[in-house]
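A.B. asks: Following this line is final-v5.txt, made up of compact mmCIF, C-alpha atoms and all ligand atoms:
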```
# COMPACT_ATOMS: atom_id res chain seq x y z
CA MET H 1 -35.78 43.48 -28.95
CA ALA H 2 -36.70 40.62 -26.66
CA ASN H 3 -37.90 37.21 -27.72
CA VAL H 4 -40.98 36.30 -25.74
CA ALA H 5 -42.00 33.10 -23.97
CA VAL H 6 -45.69 32.74 -23.18
CA ILE H 7 -46.60 30.39 -20.35
CA GLY H 8 -49.75 29.57 -18.37
CA THR H 9 -49.55 30.50 -14.70
CA GLN H 10 -52.49 28.45 -13.42
CA TRP H 11 -53.80 25.01 -14.44
CA GLY H 12 -53.95 25.72 -18.18
CA ASP H 13 -56.81 27.22 -20.21
CA GLU H 14 -55.77 30.75 -19.27
CA GLY H 15 -56.32 32.01 -22.83
CA LYS H 16 -52.80 31.54 -24.16
CA GLY H 17 -53.96 30.87 -27.73
CA LYS H 18 -55.46 34.31 -28.20
CA ILE H 19 -52.44 36.10 -26.69
CA VAL H 20 -49.97 34.04 -28.72
CA ASP H 21 -51.98 34.84 -31.82
CA TRP H 22 -51.94 38.56 -30.98
CA LEU H 23 -48.18 38.53 -30.32
CA SER H 24 -47.43 36.43 -33.37
CA ALA H 25 -48.30 39.41 -35.57
CA GLN H 26 -44.96 40.84 -34.38
CA ALA H 27 -42.99 37.57 -34.42
CA ASP H 28 -41.11 35.90 -37.25
CA ILE H 29 -41.11 32.45 -35.69
CA ILE H 30 -43.51 30.74 -33.26
CA VAL H 31 -42.26 27.63 -31.43
CA ARG H 32 -44.14 25.06 -29.38
CA PHE H 33 -41.67 23.66 -26.85
CA GLN H 34 -43.52 21.13 -24.67
CA GLY H 35 -46.73 19.17 -24.33
CA GLY H 36 -48.60 17.66 -27.22
CA HIS H 37 -52.16 17.48 -28.50
CA ASN H 38 -53.42 17.56 -24.92
CA ALA H 39 -53.30 21.34 -25.37
CA GLY H 40 -56.27 23.15 -26.78
CA HIS H 41 -55.84 26.67 -28.02
CA THR H 42 -58.92 28.49 -29.19
CA LEU H 43 -58.51 31.45 -31.51
CA VAL H 44 -61.15 33.67 -33.00
CA VAL H 45 -60.09 35.25 -36.28
CA ASP H 46 -62.62 37.46 -38.06
CA GLY H 47 -65.42 35.68 -36.24
CA GLN H 48 -64.11 32.23 -37.29
CA VAL H 49 -63.19 29.92 -34.40
CA PHE H 50 -60.02 27.83 -34.78
CA LYS H 51 -59.14 25.12 -32.27
CA LEU H 52 -55.49 24.14 -32.40
CA SER H 53 -53.87 21.38 -30.39
CA LEU H 54 -50.47 20.71 -31.90
CA LEU H 55 -49.83 23.36 -34.49
CA PRO H 56 -48.31 26.55 -33.07
CA SER H 57 -50.94 29.31 -33.08
CA GLY H 58 -48.77 31.39 -35.43
CA ILE H 59 -49.67 29.02 -38.27
CA LEU H 60 -52.75 31.17 -38.90
CA ARG H 61 -50.64 34.19 -39.91
CA THR H 62 -49.01 34.37 -43.30
CA GLY H 63 -45.25 34.82 -43.57
CA LYS H 64 -44.46 33.22 -40.20
CA LEU H 65 -42.54 30.04 -39.46
CA ALA H 66 -44.29 27.71 -37.01
CA VAL H 67 -41.99 25.23 -35.28
CA ILE H 68 -42.83 22.09 -33.30
CA GLY H 69 -39.83 21.76 -31.01
CA ASN H 70 -38.18 18.62 -29.65
CA GLY H 71 -39.74 19.19 -26.21
CA VAL H 72 -43.15 18.28 -27.67
CA VAL H 73 -44.47 14.71 -27.94
CA LEU H 74 -45.95 14.34 -31.39
CA ASP H 75 -48.83 12.13 -32.46
CA PRO H 76 -48.23 11.94 -36.24
CA TRP H 77 -51.87 11.01 -36.99
CA ALA H 78 -53.14 13.91 -34.91
CA LEU H 79 -50.75 16.23 -36.73
CA ALA H 80 -51.94 15.02 -40.14
CA GLU H 81 -55.57 15.46 -39.06
CA GLU H 82 -54.97 18.99 -37.76
CA ILE H 83 -53.08 19.99 -40.89
CA ASP H 84 -56.03 18.75 -42.98
CA ALA H 85 -58.60 20.53 -40.81
CA VAL H 86 -56.76 23.85 -40.88
CA SER H 87 -55.93 23.56 -44.60
CA ASP H 88 -59.60 22.92 -45.36
CA ARG H 89 -60.35 26.34 -43.88
CA GLY H 90 -58.00 28.06 -46.31
CA VAL H 91 -54.77 28.18 -44.30
CA LYS H 92 -51.81 27.09 -46.43
CA ILE H 93 -49.44 24.71 -44.63
CA SER H 94 -46.17 23.70 -46.27
CA PRO H 95 -42.51 23.20 -45.27
CA GLU H 96 -42.22 26.95 -45.86
CA ASN H 97 -44.26 27.72 -42.75
CA LEU H 98 -44.09 24.53 -40.65
CA LEU H 99 -40.94 22.89 -39.29
CA VAL H 100 -40.96 19.82 -37.02
CA ALA H 101 -37.83 19.09 -35.00
CA GLU H 102 -36.48 15.76 -36.22
CA ASN H 103 -35.57 14.70 -32.68
CA THR H 104 -39.18 14.97 -31.46
CA PRO H 105 -40.48 11.75 -29.84
CA LEU H 106 -43.68 10.26 -31.25
CA ILE H 107 -46.90 9.33 -29.52
CA LEU H 108 -48.07 5.96 -30.83
CA SER H 109 -51.21 3.87 -30.29
CA VAL H 110 -49.46 2.01 -27.45
CA HIS H 111 -49.19 5.29 -25.53
CA ARG H 112 -52.85 6.16 -25.96
CA ASP H 113 -53.81 2.63 -24.92
CA LEU H 114 -51.63 2.71 -21.81
CA ASP H 115 -52.90 6.15 -20.79
CA ARG H 116 -56.52 4.98 -21.02
CA ILE H 117 -56.01 1.54 -19.45
CA ARG H 118 -54.19 3.04 -16.48
CA GLU H 119 -56.81 5.71 -15.96
CA ALA H 120 -59.63 3.18 -16.23
CA ASN H 121 -57.95 0.95 -13.62
CA ALA H 122 -56.95 3.74 -11.26
CA GLY H 123 -60.30 4.24 -9.52
CA ASP H 124 -60.11 7.19 -7.14
CA ALA H 125 -56.41 7.61 -7.91
CA ARG H 126 -57.04 8.56 -11.54
CA ILE H 127 -55.41 11.78 -12.71
CA GLY H 128 -58.07 12.78 -15.19
CA THR H 129 -55.66 12.90 -18.14
CA THR H 130 -56.73 13.92 -21.60
CA GLY H 131 -56.22 10.30 -22.72
CA ARG H 132 -53.90 11.38 -25.51
CA GLY H 133 -50.94 9.22 -24.46
CA ILE H 134 -48.88 12.18 -23.30
CA GLY H 135 -47.55 10.67 -20.05
CA PRO H 136 -46.58 7.26 -21.50
CA ALA H 137 -44.84 8.96 -24.46
CA TYR H 138 -42.71 11.11 -22.14
CA GLU H 139 -41.94 8.00 -20.07
CA ASP H 140 -40.58 6.28 -23.18
CA LYS H 141 -38.56 9.36 -24.12
CA VAL H 142 -36.85 9.36 -20.73
CA GLY H 143 -36.63 5.55 -20.84
CA ARG H 144 -34.59 5.90 -24.08
CA ARG H 145 -36.90 3.71 -26.13
CA ALA H 146 -38.97 6.33 -27.99
CA VAL H 147 -39.48 6.36 -31.73
CA ARG H 148 -38.57 9.82 -32.97
CA VAL H 149 -39.50 11.77 -36.09
CA ALA H 150 -36.16 11.11 -37.83
CA ASP H 151 -36.63 7.35 -37.39
CA LEU H 152 -39.58 7.49 -39.79
CA ALA H 153 -37.18 8.04 -42.68
CA ASP H 154 -35.39 4.71 -42.43
CA THR H 155 -37.15 1.32 -42.39
CA ILE H 156 -34.33 -0.57 -40.67
CA THR H 157 -33.98 1.95 -37.85
CA LEU H 158 -37.73 2.19 -37.47
CA GLU H 159 -38.06 -1.59 -37.17
CA SER H 160 -35.37 -1.83 -34.55
CA ARG H 161 -36.81 1.09 -32.56
CA LEU H 162 -40.25 -0.48 -32.65
CA ARG H 163 -38.91 -3.84 -31.49
CA ARG H 164 -37.22 -2.16 -28.55
CA LEU H 165 -40.35 -0.22 -27.68
CA LEU H 166 -42.65 -3.22 -27.88
CA ALA H 167 -40.26 -5.33 -25.78
CA HIS H 168 -41.27 -2.90 -23.04
CA HIS H 169 -44.94 -2.40 -23.89
CA ASN H 170 -46.12 -5.91 -24.70
CA PRO H 171 -45.25 -7.48 -21.31
CA LEU H 172 -46.74 -4.40 -19.66
CA ARG H 173 -49.95 -4.77 -21.68
CA GLN H 174 -50.12 -8.45 -20.84
CA GLY H 175 -49.93 -7.59 -17.13
CA LEU H 176 -52.77 -5.11 -17.58
CA GLY H 177 -54.93 -7.61 -19.45
CA ALA H 178 -54.56 -5.99 -22.90
CA ASP H 179 -53.66 -7.78 -26.13
CA PRO H 180 -50.06 -7.49 -27.33
CA VAL H 181 -49.37 -5.19 -30.27
CA ASP H 182 -48.31 -6.75 -33.53
CA PRO H 183 -45.11 -5.00 -34.64
CA ASP H 184 -45.95 -5.46 -38.33
CA SER H 185 -49.26 -3.61 -38.12
CA LEU H 186 -47.74 -0.75 -36.13
CA MET H 187 -44.88 -0.62 -38.62
CA ALA H 188 -47.35 -0.46 -41.51
CA ALA H 189 -49.31 2.34 -39.83
CA LEU H 190 -46.11 4.33 -39.28
CA ARG H 191 -44.92 3.86 -42.83
CA ASP H 192 -48.32 5.06 -43.94
CA VAL H 193 -48.21 8.26 -41.91
CA ALA H 194 -44.49 9.00 -42.41
CA PRO H 195 -44.99 10.94 -45.68
CA ARG H 196 -47.35 13.29 -43.81
CA VAL H 197 -44.65 14.26 -41.30
CA LEU H 198 -41.27 13.87 -42.99
CA PRO H 199 -41.62 16.79 -45.44
CA PHE H 200 -41.72 19.11 -42.40
CA ALA H 201 -38.90 17.44 -40.44
CA GLY H 202 -35.55 19.11 -39.97
CA PRO H 203 -32.91 20.32 -37.50
CA ALA H 204 -35.07 22.92 -35.77
CA TRP H 205 -32.27 23.95 -33.37
CA LYS H 206 -30.08 24.87 -36.34
CA VAL H 207 -32.74 26.89 -38.13
CA LEU H 208 -33.72 28.65 -34.90
CA GLY H 209 -30.08 29.33 -33.99
CA LYS H 210 -29.37 30.88 -37.36
CA ARG H 211 -32.47 33.03 -37.35
CA PHE H 212 -31.94 34.03 -33.71
CA ARG H 213 -28.43 35.29 -34.58
CA ALA H 214 -29.89 37.12 -37.58
CA GLY H 215 -32.17 39.04 -35.22
CA ASP H 216 -35.49 37.38 -36.07
CA ARG H 217 -38.13 37.62 -33.37
CA ILE H 218 -39.08 34.34 -31.74
CA LEU H 219 -42.22 33.61 -29.79
CA PHE H 220 -42.09 30.54 -27.56
CA GLU H 221 -45.59 29.14 -27.06
CA GLY H 222 -46.12 27.19 -23.85
CA ALA H 223 -48.98 24.79 -23.24
CA GLN H 224 -50.86 23.78 -20.07
CA GLY H 225 -49.99 25.78 -16.95
CA SER H 226 -47.40 26.13 -14.19
CA HIS H 227 -49.41 24.12 -11.68
CA LEU H 228 -49.54 21.21 -14.12
CA ASP H 229 -45.72 21.24 -14.29
CA ILE H 230 -44.15 17.83 -13.60
CA ASP H 231 -41.89 19.32 -10.90
CA TYR H 232 -43.78 22.33 -9.55
CA GLY H 233 -47.38 21.34 -10.16
CA THR H 234 -49.84 19.65 -7.81
CA TYR H 235 -48.07 16.29 -8.26
CA PRO H 236 -49.21 13.66 -9.21
CA TYR H 237 -52.17 15.56 -10.69
CA VAL H 238 -49.99 17.12 -13.35
CA THR H 239 -48.98 16.66 -16.96
CA SER H 240 -45.70 14.94 -17.80
CA SER H 241 -43.63 17.85 -19.07
CA ASN H 242 -42.06 20.98 -17.63
CA THR H 243 -44.50 23.73 -18.42
CA LEU H 244 -42.38 26.51 -16.91
CA ALA H 245 -40.51 29.07 -19.02
CA GLY H 246 -37.21 27.26 -18.45
CA ALA H 247 -38.46 24.49 -20.72
CA ALA H 248 -38.52 26.88 -23.70
CA ALA H 249 -34.75 26.64 -24.12
CA THR H 250 -34.34 22.86 -24.00
CA GLY H 251 -37.61 22.24 -25.82
CA ALA H 252 -36.54 24.38 -28.78
CA GLY H 253 -32.77 23.89 -28.81
CA LEU H 254 -31.66 27.39 -27.91
CA GLY H 255 -29.87 28.65 -24.81
CA PRO H 256 -31.84 30.31 -21.99
CA ALA H 257 -30.62 33.76 -23.04
CA ALA H 258 -32.71 33.43 -26.19
CA VAL H 259 -35.79 34.13 -24.06
CA GLY H 260 -35.82 37.80 -23.20
CA PHE H 261 -39.30 38.37 -21.77
CA VAL H 262 -41.50 35.85 -19.98
CA LEU H 263 -45.18 36.66 -20.32
CA GLY H 264 -47.37 34.81 -17.83
CA ILE H 265 -50.97 34.31 -18.92
CA VAL H 266 -53.34 34.81 -16.02
CA LYS H 267 -57.09 34.28 -16.07
CA THR H 268 -58.97 36.64 -13.74
CA TYR H 269 -60.39 33.61 -11.95
CA THR H 270 -59.18 30.02 -11.64
CA THR H 271 -60.15 26.86 -13.53
CA ARG H 272 -58.91 23.31 -13.60
CA VAL H 273 -59.77 20.23 -15.69
CA GLY H 274 -59.24 16.78 -14.25
CA GLU H 275 -58.55 15.70 -10.69
CA GLY H 276 -56.37 17.30 -8.03
CA PRO H 277 -56.42 19.94 -5.32
CA PHE H 278 -58.13 23.28 -5.98
CA PRO H 279 -58.32 25.38 -2.80
CA SER H 280 -60.43 28.25 -4.17
CA GLU H 281 -62.92 26.01 -6.04
CA LEU H 282 -66.56 27.12 -5.97
CA HIS H 283 -69.66 24.94 -5.93
CA ASP H 284 -72.20 27.77 -5.67
CA GLY H 285 -73.89 30.37 -7.85
CA SER H 286 -70.63 32.28 -8.38
CA GLY H 287 -68.96 29.12 -9.66
CA HIS H 288 -71.91 28.56 -11.98
CA HIS H 289 -71.58 32.15 -13.24
CA LEU H 290 -67.86 31.66 -14.04
CA ALA H 291 -68.50 28.31 -15.75
CA THR H 292 -71.40 29.49 -17.90
CA VAL H 293 -70.39 33.07 -18.73
CA GLY H 294 -66.77 31.96 -19.19
CA ARG H 295 -67.88 28.96 -21.31
CA GLU H 296 -65.51 26.80 -19.28
CA ARG H 297 -65.57 23.59 -21.22
CA GLY H 298 -62.36 21.84 -22.35
CA THR H 299 -61.26 22.46 -25.95
CA VAL H 300 -59.70 19.00 -26.26
CA THR H 301 -61.89 16.67 -24.22
CA GLY H 302 -65.12 18.67 -23.91
CA ARG H 303 -65.06 18.17 -20.13
CA ASN H 304 -66.53 20.86 -17.89
CA ARG H 305 -63.82 22.85 -16.14
CA ARG H 306 -63.94 23.27 -12.38
CA CYS H 307 -64.12 26.98 -11.50
CA GLY H 308 -63.06 29.08 -8.53
CA TRP H 309 -61.96 32.51 -7.36
CA PHE H 310 -58.65 33.97 -8.46
CA ASP H 311 -55.90 32.31 -6.40
CA ALA H 312 -53.06 34.78 -5.91
CA VAL H 313 -50.95 32.22 -4.05
CA LEU H 314 -50.64 30.00 -7.10
CA VAL H 315 -49.89 32.80 -9.55
CA ARG H 316 -47.36 34.42 -7.21
CA GLN H 317 -45.45 31.12 -7.18
CA SER H 318 -45.63 30.81 -10.99
CA CYS H 319 -44.19 34.31 -11.38
CA VAL H 320 -41.13 33.14 -9.45
CA THR H 321 -40.71 29.66 -10.95
CA SER H 322 -40.94 31.01 -14.50
CA GLY H 323 -39.32 34.40 -13.90
CA VAL H 324 -42.39 36.18 -15.23
CA ASN H 325 -41.65 39.75 -16.36
CA GLY H 326 -45.24 40.77 -16.98
CA ILE H 327 -48.65 39.17 -17.18
CA ALA H 328 -51.44 39.08 -19.72
CA LEU H 329 -54.70 39.14 -17.84
CA THR H 330 -57.58 37.43 -19.64
CA LYS H 331 -61.36 37.05 -19.39
CA LEU H 332 -61.99 40.08 -17.18
CA ASP H 333 -65.40 40.45 -18.86
CA VAL H 334 -66.51 37.13 -17.35
CA LEU H 335 -66.67 38.90 -13.98
CA ASP H 336 -68.92 41.68 -15.35
CA GLY H 337 -72.20 41.82 -13.45
CA MET H 338 -70.98 40.10 -10.29
CA LYS H 339 -71.95 42.05 -7.17
CA GLU H 340 -68.69 41.21 -5.46
CA VAL H 341 -65.53 39.43 -6.50
CA LYS H 342 -63.15 37.50 -4.26
CA ILE H 343 -59.45 36.79 -4.32
CA CYS H 344 -57.70 33.99 -2.47
CA VAL H 345 -54.79 35.75 -0.77
CA GLY H 346 -53.43 32.86 1.29
CA TYR H 347 -54.49 29.66 3.01
CA GLU H 348 -55.47 28.63 6.49
CA LEU H 349 -53.80 25.37 7.50
CA ASP H 350 -54.39 23.86 10.94
CA GLY H 351 -55.24 27.30 12.35
CA GLU H 352 -52.25 29.08 10.79
CA PHE H 353 -52.08 31.50 7.83
CA ILE H 354 -49.69 30.35 5.10
CA ASP H 355 -48.85 32.10 1.84
CA ASP H 356 -47.82 29.18 -0.33
CA LEU H 357 -49.32 25.83 -1.30
CA PRO H 358 -47.67 23.02 0.69
CA VAL H 359 -46.04 20.27 -1.33
CA ALA H 360 -47.22 17.32 0.78
CA SER H 361 -50.58 15.99 -0.46
CA ASN H 362 -52.03 15.51 3.02
CA ARG H 363 -51.27 19.15 3.87
CA GLN H 364 -52.56 20.36 0.48
CA ALA H 365 -55.84 18.58 1.17
CA ARG H 366 -56.32 20.45 4.46
CA VAL H 367 -55.81 24.05 3.27
CA ASN H 368 -58.76 26.43 3.27
CA PRO H 369 -58.71 29.55 1.13
CA VAL H 370 -58.44 32.93 2.86
CA LEU H 371 -60.60 35.20 0.73
CA GLU H 372 -60.58 38.96 0.33
CA THR H 373 -63.79 40.52 -0.99
CA LEU H 374 -63.77 43.39 -3.47
CA GLU H 375 -66.58 45.39 -4.98
CA GLY H 376 -67.85 44.07 -8.34
CA TRP H 377 -69.02 46.08 -11.34
CA THR H 378 -72.16 46.15 -13.44
CA GLU H 379 -70.72 47.80 -16.57
CA SER H 380 -69.46 45.68 -19.45
CA THR H 381 -65.70 45.48 -19.94
CA ALA H 382 -66.06 43.29 -23.03
CA GLY H 383 -64.16 44.65 -25.98
CA ALA H 384 -62.61 47.59 -24.08
CA ARG H 385 -59.58 48.93 -25.94
CA ARG H 386 -58.49 51.63 -23.45
CA TRP H 387 -57.74 51.50 -19.74
CA ALA H 388 -60.00 54.54 -19.32
CA ASP H 389 -62.96 52.48 -20.56
CA LEU H 390 -62.78 50.16 -17.56
CA PRO H 391 -65.03 50.71 -14.52
CA ALA H 392 -63.18 51.83 -11.38
CA PRO H 393 -63.85 48.60 -9.39
CA ALA H 394 -62.42 46.53 -12.27
CA ILE H 395 -59.25 48.62 -12.23
CA LYS H 396 -59.05 48.18 -8.46
CA TYR H 397 -59.38 44.43 -8.88
CA ILE H 398 -56.56 44.37 -11.43
CA ARG H 399 -54.30 46.54 -9.24
CA ARG H 400 -54.90 44.24 -6.28
CA ILE H 401 -53.91 41.22 -8.38
CA GLU H 402 -50.70 42.96 -9.47
CA GLU H 403 -49.89 43.78 -5.87
CA LEU H 404 -50.55 40.26 -4.59
CA ILE H 405 -48.56 38.48 -7.29
CA ASP H 406 -45.85 41.13 -7.35
CA CYS H 407 -45.89 41.41 -11.12
CA PRO H 408 -47.29 44.07 -13.48
CA VAL H 409 -49.95 43.69 -16.15
CA ALA H 410 -48.41 43.98 -19.61
CA LEU H 411 -51.51 43.07 -21.61
CA LEU H 412 -55.20 42.95 -20.83
CA SER H 413 -57.42 40.86 -23.06
CA THR H 414 -61.04 41.97 -23.05
CA SER H 415 -62.73 39.47 -25.40
CA PRO H 416 -61.84 36.38 -27.45
CA GLU H 417 -61.51 38.60 -30.57
CA ARG H 418 -57.98 39.01 -31.93
CA GLU H 419 -57.77 42.80 -31.57
CA ASP H 420 -59.47 43.28 -28.19
CA VAL H 421 -56.27 43.82 -26.20
CA ILE H 422 -55.16 46.75 -24.03
CA CYS H 423 -51.38 46.93 -24.32
CA VAL H 424 -49.60 48.46 -21.31
CA THR H 425 -46.14 47.11 -22.15
CA ASN H 426 -45.37 45.41 -25.42
CA PRO H 427 -43.34 42.33 -24.44
CA PHE H 428 -41.38 42.36 -27.70
CA SER H 429 -40.15 45.92 -27.28
CA SER H 430 -39.63 45.78 -23.54
CA ARG H 431 -35.81 45.72 -23.60
P1 LIG Z 1 -52.24 14.73 -19.62
O1 LIG Z 1 -51.43 15.92 -20.00
O2 LIG Z 1 -53.20 14.30 -20.70
O3 LIG Z 1 -51.40 13.60 -19.10
O4 LIG Z 1 -53.20 15.15 -18.39
C1 LIG Z 1 -52.68 15.44 -17.10
C2 LIG Z 1 -53.45 16.57 -16.45
O5 LIG Z 1 -53.20 17.78 -17.16
C3 LIG Z 1 -54.97 16.40 -16.45
O6 LIG Z 1 -55.49 16.99 -15.27
C4 LIG Z 1 -55.41 17.21 -17.66
O7 LIG Z 1 -56.75 17.65 -17.52
C5 LIG Z 1 -54.44 18.36 -17.58
N1 LIG Z 1 -54.20 19.00 -18.88
C6 LIG Z 1 -53.44 18.56 -19.88
N2 LIG Z 1 -53.43 19.42 -20.90
C7 LIG Z 1 -54.20 20.46 -20.52
C8 LIG Z 1 -54.55 21.70 -21.13
O8 LIG Z 1 -54.14 22.03 -22.26
N3 LIG Z 1 -55.37 22.52 -20.41
C9 LIG Z 1 -55.78 22.20 -19.17
N4 LIG Z 1 -55.48 21.06 -18.56
C10 LIG Z 1 -54.68 20.19 -19.22
```
Can you turn what I pasted into structure tokens?

C.D. replies:
Amino acid sequence: MANVAVIGTQWGDEGKGKIVDWLSAQADIIVRFQGGHNAGHTLVVDGQVFKLSLLPSGILRTGKLAVIGNGVVLDPWALAEEIDAVSDRGVKISPENLLVAENTPLILSVHRDLDRIREANAGDARIGTTGRGIGPAYEDKVGRRAVRVADLADTITLESRLRRLLAHHNPLRQGLGADPVDPDSLMAALRDVAPRVLPFAGPAWKVLGKRFRAGDRILFEGAQGSHLDIDYGTYPYVTSSNTLAGAAATGAGLGPAAVGFVLGIVKTYTTRVGEGPFPSELHDGSGHHLATVGRERGTVTGRNRRCGWFDAVLVRQSCVTSGVNGIALTKLDVLDGMKEVKICVGYELDGEFIDDLPVASNRQARVNPVLETLEGWTESTAGARRWADLPAPAIKYIRRIEELIDCPVALLSTSPEREDVICVTNPFSSR
């Protein structure tokens, strides 16, 4: 039995939440390993819509352990709020089903402030972040001045960590024209929220290691997408963590061999929130169709998502950089009713055909998509539960995607509903 890592292969919002929820029925443990509450995972369970940002999607299933791994940056107030919101809808959350790695760095108000001040001052160079403080929190982690979950348990350590952190932030804030932060009020706020987090804190690596050796099934839940990766994304228009499958090991505290199957989530078209290059972006009626039928509005920030044709170049790269074994294709039904559908198969750059996205920004800005046109379909694919229920042009479209990205479809999701999945290969029983 393989443990499964689920990652986004595009710019996020591929529909990971639904697939993770579907897979979590077979998992014992579900681990978030990077990102923070910039993620927005929408799940529909018995017609009820749940929007999760920090809590692993498996929290909605009884008898599962949901883990927030050390690779995440954790806003303790956002966690408390999400726990309250989910609990209010009848989901029981306790240390029995939620574990937070004690070495997880915290997102504090200073991070949110810095994220927003920088974006507001950046003019055309803004990244279009979610404003959640993600980037500044990761900077402080790497800068060795973060406050971590375990620090909440001891006043003396917490005070000294805060002093160190503010010795960095206050001069920076002054330079940006913001008021300095009073350490006492931040300390008070942290002491206030600590009891909401500490009951869940523990050595996640140890628990995971033990249960891994005992043969429990682990599902690693990625957030964002491969082209938002800090190394392999469209830098600097990226998030501040590694979103690739390799991050699952370090972000959970297990070795790379613990991940047996990498499932890449692929939306049948492309979307992006925020700034940055997007070669196959559409500004016409087809783009409008994708945006409206696909309800492409951000779960976290409510921003409209930019929409475009499926870009095979991007997904082909993600399949390599994450070692994707199979894909879950989502939102096929959004293309229902389109007369023709197009796929970006490569780019034209300065009169030449290229089959990968250049790294240099000035070259990225000059690429034009090379599009292949396929026949559309009028029939509805929504809710299909068998391959045989799909119209022939839809099957042809899927086969062409597989061919172009050199990776097979393992799962096909045909609606937001939990059970509307066609399973070709079950990732958990693939080896
Ligand atoms: P940050 O992660 O808030 O720093 O934002 C950096 C970039 O990543 C921005 O373009 C965001 O729109 C994008 N981003 C962050 N999280 C998500 C997500 O969950 N889905 C899609 N885009 C995201």

A.B. asks: Env of Val147 of chain H: 8 Å cut, atoms = all atoms listed in the file, seq-sep filter 6 positions within chain, self excluded. Answer as an mmCIF file with C-alpha atoms, in the coordinates of the input.

C.D. replies:
```
data_model
loop_
_atom_site.group_PDB
_atom_site.id
_atom_site.type_symbol
_atom_site.label_atom_id
_atom_site.label_comp_id
_atom_site.auth_asym_id
_atom_site.auth_seq_id
_atom_site.Cartn_x
_atom_site.Cartn_y
_atom_site.Cartn_z
ATOM 1 C CA PRO H 105 -40.480 11.750 -29.840
ATOM 2 C CA LEU H 106 -43.680 10.260 -31.250
ATOM 3 C CA LEU H 158 -37.730 2.190 -37.470
ATOM 4 C CA ARG H 161 -36.810 1.090 -32.560
ATOM 5 C CA LEU H 162 -40.250 -0.480 -32.650
ATOM 6 C CA LEU H 165 -40.350 -0.220 -27.680
#
```

A.B. asks: Residues within 7 Å of ligand LIG 1 (chain Z) should be enumerated using all atoms listed in the file and returned as a ChimeraX atom specification.

C.D. replies: /H:11-13,38-40,127-135,223-224,228,237-240,272-275

A.B. asks: Using only C-alpha atoms, can you tell me which of H:Thr321, H:Ser430, H:Asn97, H:Gln174 comes closest to Leu55 of chain H?

C.D. replies: H:Asn97

A.B. asks: Which residues are close to segment 29-31 of chain H, i.e. within 7 Å by all atoms listed in the file, leaving aside same-chain residues fewer than 4 positions away? Reply as an mmCIF file with C-alpha atoms, in the coordinates of the input.

C.D. replies:
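Dumped everything to out05.cif:
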```
data_model
loop_
_atom_site.group_PDB
_atom_site.id
_atom_site.type_symbol
_atom_site.label_atom_id
_atom_site.label_comp_id
_atom_site.auth_asym_id
_atom_site.auth_seq_id
_atom_site.Cartn_x
_atom_site.Cartn_y
_atom_site.Cartn_z
ATOM 1 C CA SER H 24 -47.430 36.430 -33.370
ATOM 2 C CA PRO H 56 -48.310 26.550 -33.070
ATOM 3 C CA GLY H 58 -48.770 31.390 -35.430
ATOM 4 C CA LYS H 64 -44.460 33.220 -40.200
ATOM 5 C CA LEU H 65 -42.540 30.040 -39.460
ATOM 6 C CA ALA H 66 -44.290 27.710 -37.010
ATOM 7 C CA VAL H 67 -41.990 25.230 -35.280
ATOM 8 C CA ILE H 68 -42.830 22.090 -33.300
ATOM 9 C CA GLY H 69 -39.830 21.760 -31.010
ATOM 10 C CA ARG H 217 -38.130 37.620 -33.370
ATOM 11 C CA ILE H 218 -39.080 34.340 -31.740
ATOM 12 C CA LEU H 219 -42.220 33.610 -29.790
ATOM 13 C CA PHE H 220 -42.090 30.540 -27.560
ATOM 14 C CA GLU H 221 -45.590 29.140 -27.060
#
```

A.B. asks: Distance atom CA of Glu403 of chain H-atom CA of Val345 of chain H, one decimal place?

C.D. replies: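 Pair atom CA of Glu403 of chain H / atom CA of Val345 of chain H returns 10.7 Å.
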
A.B. asks: Can you measure atom CA of Val73 of chain H to atom CA of Ser109 of chain H for me? One decimal in Å is fine.

C.D. replies: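 The value is 13.0 Å.
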
A.B. asks: Please provide the set of residues having any atom within 10 Å of Thr373 of chain H, restricted to only C-alpha atoms, with same-chain residues fewer than 4 positions apart removed, written as a ChimeraX atom specification.

C.D. replies: /H:340-344,397

A.B. asks: Print the selection's residues with C-alpha atoms to a file, as a short mmCIF file (atom, residue, chain, number, x, y, z; two decimals), in the frame of the given file.

C.D. replies:
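The file below, again14.cif, is the result:
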```cif
data_model
loop_
_atom_site.label_atom_id
_atom_site.label_comp_id
_atom_site.auth_asym_id
_atom_site.auth_seq_id
_atom_site.Cartn_x
_atom_site.Cartn_y
_atom_site.Cartn_z
CA GLU H 340 -68.69 41.21 -5.46
CA VAL H 341 -65.53 39.43 -6.50
CA LYS H 342 -63.15 37.50 -4.26
CA ILE H 343 -59.45 36.79 -4.32
CA CYS H 344 -57.70 33.99 -2.47
CA TYR H 397 -59.38 44.43 -8.88
#
```

A.B. asks: In Å to one decimal, how far is atom CA of Leu412 of chain H from atom CA of Ser429 of chain H?

C.D. replies: 16.6 Å

A.B. asks: So, with all atoms listed in the file as the atoms that count, which of H:Ser57, H:Ser415, H:Thr250, H:Ser94 lies closest to Leu198 of chain H?

C.D. replies: H:Ser94

A.B. asks: Using only C-alpha atoms, which residue out of H:Arg145, H:Lys206, H:His168, H:His227 lies closest to Ser322 of chain H?

C.D. replies: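 Looking at the shortest contact to Ser322 of chain H, the residue is H:His227.
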
A.B. asks: List as a count of residues only the protein and nucleic acid residues near segment 169-171 of chain H, meaning an atom at most 8 Å away when all atoms listed in the file are counted, but skip any in the same chain fewer than 6 places from it.

C.D. replies: 4
